[in-house]
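Raw final-v9.txt, compact mmCIF, C-alpha atoms:
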```txt
# COMPACT_ATOMS: atom_id res chain seq x y z
CA MET A 1 0.00 0.00 0.00
CA THR A 2 1.22 3.50 -0.81
CA ALA A 3 0.56 5.62 2.25
CA VAL A 4 1.27 9.22 3.18
CA ASP A 5 2.03 9.86 6.84
CA LEU A 6 -0.09 12.76 8.09
CA GLY A 7 1.90 13.19 11.27
CA ILE A 8 -0.89 12.31 13.69
CA PRO A 9 -1.04 9.27 15.99
CA SER A 10 -1.03 5.98 14.13
CA VAL A 11 -3.86 3.57 14.82
CA GLN A 12 -2.24 0.66 13.01
CA SER A 13 -0.18 1.14 9.90
CA THR A 14 0.60 -2.51 9.16
CA VAL A 15 -1.96 -5.29 9.24
CA ASP A 16 -1.98 -8.91 8.14
CA MET A 17 -3.68 -9.01 4.75
CA ALA A 18 -3.51 -12.81 4.78
CA ALA A 19 -6.36 -12.81 7.31
CA ARG A 20 -8.61 -10.79 5.01
CA PRO A 21 -11.63 -12.72 3.65
CA ASP A 22 -11.61 -13.56 -0.04
CA THR A 23 -14.18 -10.99 -1.09
CA PRO A 24 -14.04 -7.92 -3.33
CA GLU A 25 -16.04 -5.91 -0.79
CA LEU A 26 -14.43 -3.27 1.40
CA VAL A 27 -14.36 -5.23 4.65
CA ASP A 28 -12.33 -4.38 7.71
CA ARG A 29 -10.99 -6.38 10.65
CA PHE A 30 -14.00 -5.51 12.81
CA GLY A 31 -16.72 -6.92 10.59
CA ARG A 32 -17.75 -3.64 8.97
CA VAL A 33 -18.32 -3.31 5.23
CA ALA A 34 -17.88 0.09 3.55
CA ARG A 35 -20.75 0.74 1.13
CA ASP A 36 -20.96 4.54 1.43
CA LEU A 37 -18.38 6.49 -0.60
CA ARG A 38 -17.79 10.15 0.29
CA VAL A 39 -16.16 11.94 -2.66
CA SER A 40 -14.62 15.36 -2.12
CA LEU A 41 -14.66 17.08 -5.51
CA ILE A 42 -12.79 20.26 -4.59
CA ASP A 43 -11.18 21.82 -1.53
CA LYS A 44 -12.20 25.42 -2.31
CA CYS A 45 -15.18 27.09 -0.67
CA ASN A 46 -16.95 30.40 -1.24
CA LEU A 47 -17.62 30.89 2.49
CA ARG A 48 -15.11 31.45 5.27
CA CYS A 49 -16.93 29.94 8.25
CA THR A 50 -15.16 30.83 11.46
CA TYR A 51 -15.21 27.23 12.72
CA CYS A 52 -13.72 25.90 9.49
CA MET A 53 -11.06 28.20 8.06
CA PRO A 54 -9.39 31.58 8.47
CA ALA A 55 -10.79 34.72 6.87
CA GLU A 56 -8.11 34.75 4.15
CA GLY A 57 -8.92 31.19 3.12
CA LEU A 58 -6.38 28.39 2.70
CA PRO A 59 -3.67 27.34 0.22
CA TRP A 60 -5.89 25.57 -2.31
CA LEU A 61 -4.86 22.51 -4.27
CA LYS A 62 -3.38 23.22 -7.68
CA ARG A 63 -5.50 22.20 -10.65
CA ALA A 64 -3.00 19.55 -11.71
CA GLU A 65 -3.28 17.95 -8.26
CA LEU A 66 -7.03 17.48 -8.58
CA LEU A 67 -8.43 14.36 -10.18
CA ASP A 68 -9.88 15.26 -13.57
CA THR A 69 -13.35 14.20 -14.70
CA ALA A 70 -12.29 10.88 -16.20
CA GLU A 71 -10.08 9.98 -13.22
CA MET A 72 -12.81 10.78 -10.72
CA VAL A 73 -15.42 8.82 -12.66
CA ARG A 74 -13.10 5.84 -13.04
CA LEU A 75 -12.49 5.55 -9.30
CA ILE A 76 -16.20 5.92 -8.55
CA ARG A 77 -16.95 3.22 -11.14
CA ILE A 78 -14.45 0.83 -9.54
CA ALA A 79 -15.99 1.47 -6.12
CA VAL A 80 -19.53 0.86 -7.33
CA GLU A 81 -19.09 -1.91 -9.89
CA GLN A 82 -16.31 -3.90 -8.24
CA LEU A 83 -16.11 -3.03 -4.54
CA GLY A 84 -19.76 -3.05 -3.47
CA VAL A 85 -20.38 0.67 -2.89
CA THR A 86 -24.11 1.46 -3.03
CA THR A 87 -24.25 5.16 -2.08
CA VAL A 88 -22.10 8.08 -3.22
CA ARG A 89 -22.07 11.46 -1.47
CA PHE A 90 -20.39 14.38 -3.28
CA THR A 91 -18.77 16.88 -0.93
CA GLY A 92 -16.10 19.60 -0.85
CA GLY A 93 -15.01 22.21 0.09
CA GLU A 94 -18.00 23.41 -1.86
CA PRO A 95 -18.79 20.92 -4.65
CA LEU A 96 -20.88 23.42 -6.61
CA LEU A 97 -17.63 25.24 -7.41
CA ARG A 98 -16.50 22.32 -9.56
CA LYS A 99 -17.39 23.02 -13.19
CA ASP A 100 -17.68 19.37 -14.22
CA LEU A 101 -19.96 18.48 -11.28
CA VAL A 102 -22.97 17.69 -13.48
CA ASP A 103 -20.84 15.44 -15.71
CA ILE A 104 -19.53 13.51 -12.71
CA VAL A 105 -23.02 13.11 -11.21
CA ALA A 106 -24.44 12.01 -14.59
CA ALA A 107 -21.69 9.45 -15.12
CA THR A 108 -22.19 8.06 -11.61
CA SER A 109 -25.95 7.83 -12.03
CA ALA A 110 -25.51 6.08 -15.39
CA LEU A 111 -23.50 3.20 -13.93
CA PRO A 112 -25.23 -0.17 -14.43
CA SER A 113 -25.55 -0.65 -10.66
CA ALA A 114 -26.54 2.98 -10.14
CA PRO A 115 -25.81 4.01 -6.55
CA LYS A 116 -27.95 6.38 -4.55
CA THR A 117 -26.40 9.82 -4.91
CA SER A 118 -26.43 12.90 -2.71
CA LEU A 119 -24.60 16.20 -2.37
CA THR A 120 -23.50 18.22 0.64
CA THR A 121 -23.41 21.96 -0.10
CA ASN A 122 -23.50 25.36 1.54
CA GLY A 123 -26.43 26.08 -0.75
CA ILE A 124 -25.19 29.39 -2.15
CA ASN A 125 -25.23 28.28 -5.80
CA LEU A 126 -27.85 25.56 -5.43
CA GLY A 127 -30.61 27.71 -6.90
CA ASP A 128 -28.68 27.80 -10.18
CA TRP A 129 -27.70 24.13 -10.17
CA ALA A 130 -30.67 22.24 -8.74
CA ALA A 131 -32.51 21.54 -12.01
CA GLN A 132 -29.32 20.44 -13.79
CA LEU A 133 -28.44 18.12 -10.92
CA VAL A 134 -31.88 16.52 -11.00
CA ASP A 135 -31.53 15.97 -14.75
CA ALA A 136 -28.11 14.40 -14.12
CA GLY A 137 -29.68 11.91 -11.70
CA LEU A 138 -28.81 13.32 -8.28
CA ASP A 139 -31.20 11.97 -5.64
CA ARG A 140 -31.00 14.49 -2.78
CA VAL A 141 -29.01 17.20 -1.00
CA ASN A 142 -27.76 18.22 2.43
CA VAL A 143 -27.52 21.99 2.93
CA SER A 144 -25.56 23.66 5.72
CA LEU A 145 -27.46 26.36 7.62
CA ASP A 146 -26.40 27.27 11.15
CA THR A 147 -28.56 30.33 11.75
CA LEU A 148 -31.73 32.14 10.69
CA ASP A 149 -30.31 35.50 11.69
CA ARG A 150 -28.83 37.41 8.76
CA GLN A 151 -26.27 39.23 10.91
CA VAL A 152 -25.16 36.04 12.66
CA PHE A 153 -24.86 34.36 9.25
CA ARG A 154 -22.62 37.19 8.06
CA GLU A 155 -20.46 36.94 11.17
CA LEU A 156 -20.16 33.16 11.01
CA THR A 157 -19.48 32.85 7.29
CA ARG A 158 -17.81 36.24 6.69
CA ARG A 159 -20.08 36.54 3.65
CA ASP A 160 -23.49 38.16 3.06
CA ARG A 161 -25.12 35.23 1.24
CA PHE A 162 -27.98 34.32 3.57
CA ASP A 163 -30.72 34.86 0.96
CA ASP A 164 -28.87 32.67 -1.54
CA VAL A 165 -28.84 29.75 0.90
CA LEU A 166 -32.58 30.06 1.53
CA ALA A 167 -33.16 30.24 -2.23
CA GLY A 168 -31.04 27.12 -2.68
CA LEU A 169 -33.12 25.23 -0.15
CA ARG A 170 -36.33 26.24 -1.92
CA ALA A 171 -34.91 25.20 -5.29
CA ALA A 172 -33.88 21.81 -3.94
CA LYS A 173 -37.40 21.10 -2.70
CA ASP A 174 -39.09 22.50 -5.81
CA THR A 175 -37.00 20.32 -8.12
CA GLY A 176 -37.50 17.13 -6.10
CA LEU A 177 -34.11 16.73 -4.44
CA GLU A 178 -35.80 15.22 -1.40
CA PRO A 179 -35.56 14.67 1.40
CA VAL A 180 -33.84 18.04 1.75
CA LYS A 181 -31.66 17.75 4.83
CA VAL A 182 -30.34 20.75 6.72
CA ASN A 183 -27.07 20.44 8.65
CA ALA A 184 -26.60 22.82 11.58
CA VAL A 185 -23.72 23.28 14.02
CA LEU A 186 -24.47 25.08 17.29
CA MET A 187 -21.70 27.16 18.84
CA ARG A 188 -21.62 28.40 22.38
CA GLY A 189 -22.37 32.08 22.71
CA THR A 190 -23.18 32.41 19.02
CA ASN A 191 -26.27 30.53 17.88
CA GLU A 192 -27.28 27.92 20.45
CA HIS A 193 -30.32 30.05 21.30
CA GLU A 194 -31.59 29.35 17.76
CA ALA A 195 -31.95 25.58 18.18
CA CYS A 196 -35.75 25.67 18.46
CA ASP A 197 -36.10 28.31 15.75
CA LEU A 198 -34.10 26.18 13.32
CA LEU A 199 -36.22 23.13 14.03
CA ARG A 200 -39.46 25.08 13.68
CA TYR A 201 -38.27 26.59 10.39
CA CYS A 202 -37.34 23.19 8.95
CA ILE A 203 -40.63 21.60 9.97
CA GLU A 204 -42.60 24.48 8.44
CA HIS A 205 -40.73 24.19 5.13
CA GLY A 206 -40.59 20.41 4.91
CA TYR A 207 -36.84 20.03 5.51
CA GLN A 208 -35.19 17.45 7.75
CA LEU A 209 -32.90 19.05 10.34
CA ARG A 210 -29.71 17.43 11.58
CA PHE A 211 -27.68 19.02 14.37
CA ILE A 212 -23.99 18.08 14.28
CA GLU A 213 -21.57 18.37 17.18
CA GLN A 214 -18.68 20.62 16.20
CA MET A 215 -15.70 18.40 15.40
CA PRO A 216 -11.94 19.08 15.60
CA LEU A 217 -11.50 19.63 11.86
CA ASP A 218 -10.91 23.39 11.62
CA ALA A 219 -7.85 24.62 9.76
CA GLN A 220 -6.87 26.87 12.64
CA HIS A 221 -6.76 23.98 15.15
CA GLU A 222 -8.65 26.11 17.65
CA TRP A 223 -11.38 23.56 18.42
CA ASP A 224 -12.08 23.37 22.14
CA ARG A 225 -14.15 20.47 23.43
CA ALA A 226 -15.24 22.53 26.44
CA GLN A 227 -16.81 25.08 24.10
CA MET A 228 -18.63 22.49 21.98
CA ILE A 229 -22.42 22.23 22.30
CA THR A 230 -22.94 18.54 23.03
CA ALA A 231 -25.72 16.29 21.80
CA GLU A 232 -27.13 16.20 25.33
CA GLU A 233 -27.25 19.99 25.45
CA ILE A 234 -28.90 20.13 22.02
CA LEU A 235 -31.67 17.83 23.18
CA GLN A 236 -32.12 19.90 26.34
CA LEU A 237 -32.44 23.08 24.28
CA LEU A 238 -35.01 21.49 21.97
CA GLY A 239 -36.86 20.06 24.95
CA THR A 240 -37.75 23.55 26.14
CA GLU A 241 -40.30 23.87 23.32
CA PHE A 242 -40.76 20.40 21.82
CA THR A 243 -41.47 16.90 23.08
CA LEU A 244 -38.89 14.51 21.68
CA THR A 245 -39.27 10.74 21.67
CA PRO A 246 -36.77 8.25 20.23
CA HIS A 247 -37.52 7.15 16.69
CA THR A 248 -38.38 3.47 16.47
CA ALA A 249 -36.78 2.87 13.07
CA GLU A 250 -33.53 0.93 12.99
CA ARG A 251 -30.61 3.36 12.87
CA GLY A 252 -28.20 1.04 11.10
CA SER A 253 -25.10 2.88 9.92
CA ALA A 254 -26.79 6.30 9.83
CA PRO A 255 -24.75 8.89 11.75
CA ALA A 256 -27.81 10.68 13.13
CA GLU A 257 -29.80 9.50 16.11
CA ARG A 258 -33.36 10.48 15.19
CA TRP A 259 -36.16 11.77 17.38
CA LEU A 260 -39.86 12.23 16.72
CA VAL A 261 -40.95 15.83 17.28
CA ASP A 262 -44.22 16.17 19.25
CA GLY A 263 -45.16 12.63 18.32
CA GLY A 264 -44.25 12.92 14.64
CA PRO A 265 -44.28 12.65 11.73
CA ALA A 266 -41.64 15.40 11.85
CA THR A 267 -38.22 14.30 13.05
CA VAL A 268 -34.93 15.82 14.09
CA GLY A 269 -31.53 14.17 14.07
CA VAL A 270 -28.49 14.67 16.26
CA ILE A 271 -25.06 13.56 15.09
CA ALA A 272 -22.91 13.09 18.18
CA SER A 273 -19.59 12.34 16.51
CA VAL A 274 -17.63 13.45 19.58
CA THR A 275 -19.64 12.46 22.64
CA LYS A 276 -21.41 9.36 21.30
CA PRO A 277 -19.29 8.10 18.40
CA PHE A 278 -20.91 5.61 16.02
CA CYS A 279 -17.65 4.11 14.75
CA ALA A 280 -18.79 0.54 15.37
CA ALA A 281 -21.44 0.87 12.66
CA CYS A 282 -19.44 3.05 10.24
CA ASP A 283 -19.78 2.03 6.59
CA ARG A 284 -17.90 4.93 4.96
CA THR A 285 -14.85 5.17 2.76
CA ARG A 286 -13.50 8.54 1.59
CA LEU A 287 -11.83 9.85 -1.55
CA THR A 288 -10.29 13.33 -1.56
CA ALA A 289 -10.26 15.70 -4.51
CA ASP A 290 -6.57 14.99 -5.09
CA GLY A 291 -7.06 11.23 -5.21
CA GLN A 292 -6.13 10.25 -1.66
CA LEU A 293 -8.07 7.47 0.04
CA ARG A 294 -9.08 7.73 3.70
CA SER A 295 -10.70 5.02 5.78
CA CYS A 296 -11.97 7.53 8.37
CA LEU A 297 -12.59 11.24 8.74
CA PHE A 298 -9.80 11.21 11.33
CA SER A 299 -7.46 8.84 9.48
CA THR A 300 -3.78 8.88 10.35
CA THR A 301 -2.70 7.89 6.86
CA GLU A 302 -3.89 8.35 3.31
CA THR A 303 -3.46 5.94 0.44
CA ASP A 304 -2.43 7.51 -2.84
CA LEU A 305 -4.62 6.39 -5.74
CA ARG A 306 -3.82 9.31 -8.03
CA GLY A 307 -0.18 8.33 -8.51
CA PRO A 308 -0.82 4.70 -9.48
CA LEU A 309 -3.80 5.76 -11.60
CA ARG A 310 -1.70 8.24 -13.59
CA ASP A 311 1.11 5.71 -13.86
CA GLY A 312 -1.22 3.34 -15.71
CA ALA A 313 -2.40 1.02 -12.93
CA GLU A 314 -5.05 -1.52 -13.91
CA ASP A 315 -8.38 -1.63 -12.07
CA ALA A 316 -7.21 -4.69 -10.15
CA GLU A 317 -4.29 -2.80 -8.62
CA LEU A 318 -6.46 0.16 -7.62
CA MET A 319 -8.94 -2.28 -6.09
CA ARG A 320 -6.16 -3.94 -4.09
CA LEU A 321 -5.01 -0.61 -2.70
CA TRP A 322 -8.58 0.30 -1.74
CA GLN A 323 -9.23 -3.07 -0.11
CA ALA A 324 -5.99 -2.93 1.87
CA THR A 325 -6.76 0.58 3.10
CA MET A 326 -10.16 -0.41 4.43
CA TRP A 327 -8.88 -3.66 5.93
CA ALA A 328 -6.46 -1.55 8.01
CA LYS A 329 -9.23 0.76 9.28
CA ALA A 330 -9.09 1.41 13.02
CA ALA A 331 -11.85 0.38 15.40
CA GLY A 332 -12.66 4.03 16.10
CA HIS A 333 -11.40 7.58 15.74
CA GLY A 334 -9.97 7.57 19.26
CA MET A 335 -11.17 11.04 20.15
CA ASP A 336 -11.44 10.04 23.80
CA SER A 337 -7.83 8.91 23.83
CA GLY A 338 -5.24 11.10 25.48
CA GLU A 339 -3.04 10.56 22.42
CA PHE A 340 -5.61 11.87 19.92
CA ALA A 341 -4.37 14.67 17.68
CA GLN A 342 -6.38 16.64 15.17
CA PRO A 343 -5.77 15.71 11.53
CA ASP A 344 -3.54 18.05 9.56
CA ARG A 345 -6.08 18.29 6.79
CA PRO A 346 -9.12 20.44 7.61
CA MET A 347 -12.68 19.41 6.77
CA SER A 348 -12.63 21.46 3.56
CA ALA A 349 -9.82 19.28 2.21
CA ILE A 350 -11.19 15.97 3.45
CA GLY A 351 -14.87 16.22 2.58
CA GLY A 352 -17.82 15.84 4.93
```

Show this structure as structure tokens.
Amino acid sequence: MTAVDLGIPSVQSTVDMAARPDTPELVDRFGRVARDLRVSLIDKCNLRCTYCMPAEGLPWLKRAELLDTAEMVRLIRIAVEQLGVTTVRFTGGEPLLRKDLVDIVAATSALPSAPKTSLTTNGINLGDWAAQLVDAGLDRVNVSLDTLDRQVFRELTRRDRFDDVLAGLRAAKDTGLEPVKVNAVLMRGTNEHEACDLLRYCIEHGYQLRFIEQMPLDAQHEWDRAQMITAEEILQLLGTEFTLTPHTAERGSAPAERWLVDGGPATVGVIASVTKPFCAACDRTRLTADGQLRSCLFSTTETDLRGPLRDGAEDAELMRLWQATMWAKAAGHGMDSGEFAQPDRPMSAIGG
């Protein structure tokens, strides 16, 4: 395996491949099977969210470092047709900044074993892209929205694009990209007082809200667990105005724990990546925009697929690299370990 050391604590860099079952699927040593591929299409973003990156932005990947359309589609095809992937989520940075996005979505949707497809976006350009994405075969979207206050939005994102995000949400629903899911991060002293307002807004507009605990993936490395609004606190805030009861549906590998709101049918989800990690049920594998493979959001190593791909590697070799990477996946991200260190790559370069 070709691996790049990221300089954060190793979980296990060398494993016995001889013990791996004889299957093309992306199995690991703990009985998990990766069927959900997260594809970061670009590291650039048109927002500068305070909890993600500095105001001046980041050193972006050079164009030559990014996988081109054919390279991206080839790796997605291998994952779907030969490695058992059944869902593909396109992420960034901001994926709507990638000019060949529609082509990549269309090629993915046209695969014989067409996977379910989704897109995570900040929503700014979604109003312009929604219809094209539907025509290309995209199934649904997740849109980030942390506040309903225009001034707070401007302070958080360092951009005055609040109306564009709301327009993007409306376009997603109007064009059938449903369910439209809204991702919200609550931050202490900034927007935690909006928890109930956000839920009420999403219910009224037919969106599905997911609160996400803030994770240590900011470029500035300023994340402070003591300042994070926990899942327990989120539920307490919502409980001041709503009655929440656990959803009876099987959660499976879904990251969100779901709750019925006032008896249903409306629901709200809480993704407690930090305080209640769901690593034991994780079914995700991740491909970065520059062709690096990650077995976990907090991986300690990356496997280079771009190099072998550009050197003429056959599908079988790329499959072997992918299988070996996932076989070496750690049992969990180890965030509760005293040795845990934040990944060098920020969320914008990894993909959500």

*Just the residues within 9 Å of range 311-321 of chain A, please, counting all atoms listed in the file, with nothing from its chain fewer than 2 positions along; format it as a PyMOL selection string.*
chain A and resi 1-2+24+74-75+78-79+82-83+303-309+323-326

*So, counting all atoms listed in the file, which residue among A:Leu297, A:Ile203, A:Ala70, A:Tyr51 is closest to Arg188 in chain A?*
A:Tyr51

_Point-to-point distance from CA of Pro54 in chain A to CA of Ala195 in chain A, Å rounded to tenths_ =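 Separation between CA of Pro54 in chain A and CA of Ala195 in chain A: 25.3 Å.
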
*For Cys282 in chain A, which residue among A:Leu238, A:Ala331, A:Leu67, A:Val102 is the nearest when counting all atoms listed in the file?*
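Closest residue, counting all atoms listed in the file: A:Ala331.
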
*Calculate how many Å separate CA of Ser118 in chain A from CA of Asp135 in chain A, rounding to one decimal.*
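Straight-line distance from CA of Ser118 in chain A to CA of Asp135 in chain A works out to 13.4 Å.
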
*Counting all atoms listed in the file, what is within 7 Å of Trp60 in chain A, bar same-chain residues fewer than 2 positions away, as a ChimeraX atom specification?*
/A:43-44,58,62

_Test item: residues at most 10 Å from Thr190 in chain A, all atoms listed in the file, excluding those fewer than 6 positions along its chain, as a list of chain:residue names_ =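 Selected residues are A:Asp146, A:Thr147, A:Val152, A:Glu155, A:Leu156.
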
*When you draw a straight line from CA of Thr245 in chain A to CA of Val261 in chain A, how long is it in Å?*
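So the two atoms, CA of Thr245 in chain A and CA of Val261 in chain A, lie 6.9 Å apart.
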
Spatial neighbours of Ala266 in chain A, 12 Å, all atoms listed in the file, chain gap at least 3 places, as a PDB file with C-alpha atoms, in the frame of the given file:
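File produced: selection-v2.pdb:
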```pdb
ATOM      1  CA  LEU A 199     -36.220  23.130  14.030  1.00  0.00           C
ATOM      2  CA  ARG A 200     -39.460  25.080  13.680  1.00  0.00           C
ATOM      3  CA  TYR A 201     -38.270  26.590  10.390  1.00  0.00           C
ATOM      4  CA  CYS A 202     -37.340  23.190   8.950  1.00  0.00           C
ATOM      5  CA  ILE A 203     -40.630  21.600   9.970  1.00  0.00           C
ATOM      6  CA  GLU A 204     -42.600  24.480   8.440  1.00  0.00           C
ATOM      7  CA  HIS A 205     -40.730  24.190   5.130  1.00  0.00           C
ATOM      8  CA  GLY A 206     -40.590  20.410   4.910  1.00  0.00           C
ATOM      9  CA  TYR A 207     -36.840  20.030   5.510  1.00  0.00           C
ATOM     10  CA  GLN A 208     -35.190  17.450   7.750  1.00  0.00           C
ATOM     11  CA  LEU A 209     -32.900  19.050  10.340  1.00  0.00           C
ATOM     12  CA  PHE A 242     -40.760  20.400  21.820  1.00  0.00           C
ATOM     13  CA  THR A 243     -41.470  16.900  23.080  1.00  0.00           C
ATOM     14  CA  LEU A 244     -38.890  14.510  21.680  1.00  0.00           C
ATOM     15  CA  THR A 245     -39.270  10.740  21.670  1.00  0.00           C
ATOM     16  CA  HIS A 247     -37.520   7.150  16.690  1.00  0.00           C
ATOM     17  CA  ARG A 258     -33.360  10.480  15.190  1.00  0.00           C
ATOM     18  CA  TRP A 259     -36.160  11.770  17.380  1.00  0.00           C
ATOM     19  CA  LEU A 260     -39.860  12.230  16.720  1.00  0.00           C
ATOM     20  CA  VAL A 261     -40.950  15.830  17.280  1.00  0.00           C
ATOM     21  CA  ASP A 262     -44.220  16.170  19.250  1.00  0.00           C
ATOM     22  CA  GLY A 263     -45.160  12.630  18.320  1.00  0.00           C
ATOM     23  CA  GLY A 269     -31.530  14.170  14.070  1.00  0.00           C
TER      24      GLY A 269
END
```

*Would you please work out which residue, of A:Met53, A:Val134, A:Leu126, A:Ala114, is nearest to Ala167 in chain A when using only C-alpha atoms?*
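Closest to Ala167 in chain A of all the choices is A:Leu126.
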
*Skipping near chain neighbours, those fewer than 6 positions away, what residues fall within 7 Å of Asn183 in chain A using only C-alpha atoms, listed as a list in words?*
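So, after excluding close chain neighbours, the residues are Asn142, Val143, Ser144, Leu145, Leu209, Arg210, Phe211 and Ile212 of chain A.
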
*Residue nearest Leu61 in chain A - candidates A:Ile350, A:Ala289, A:Leu198, A:Ile124, atoms counted: only C-alpha atoms*: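 Closest candidate: A:Ala289.
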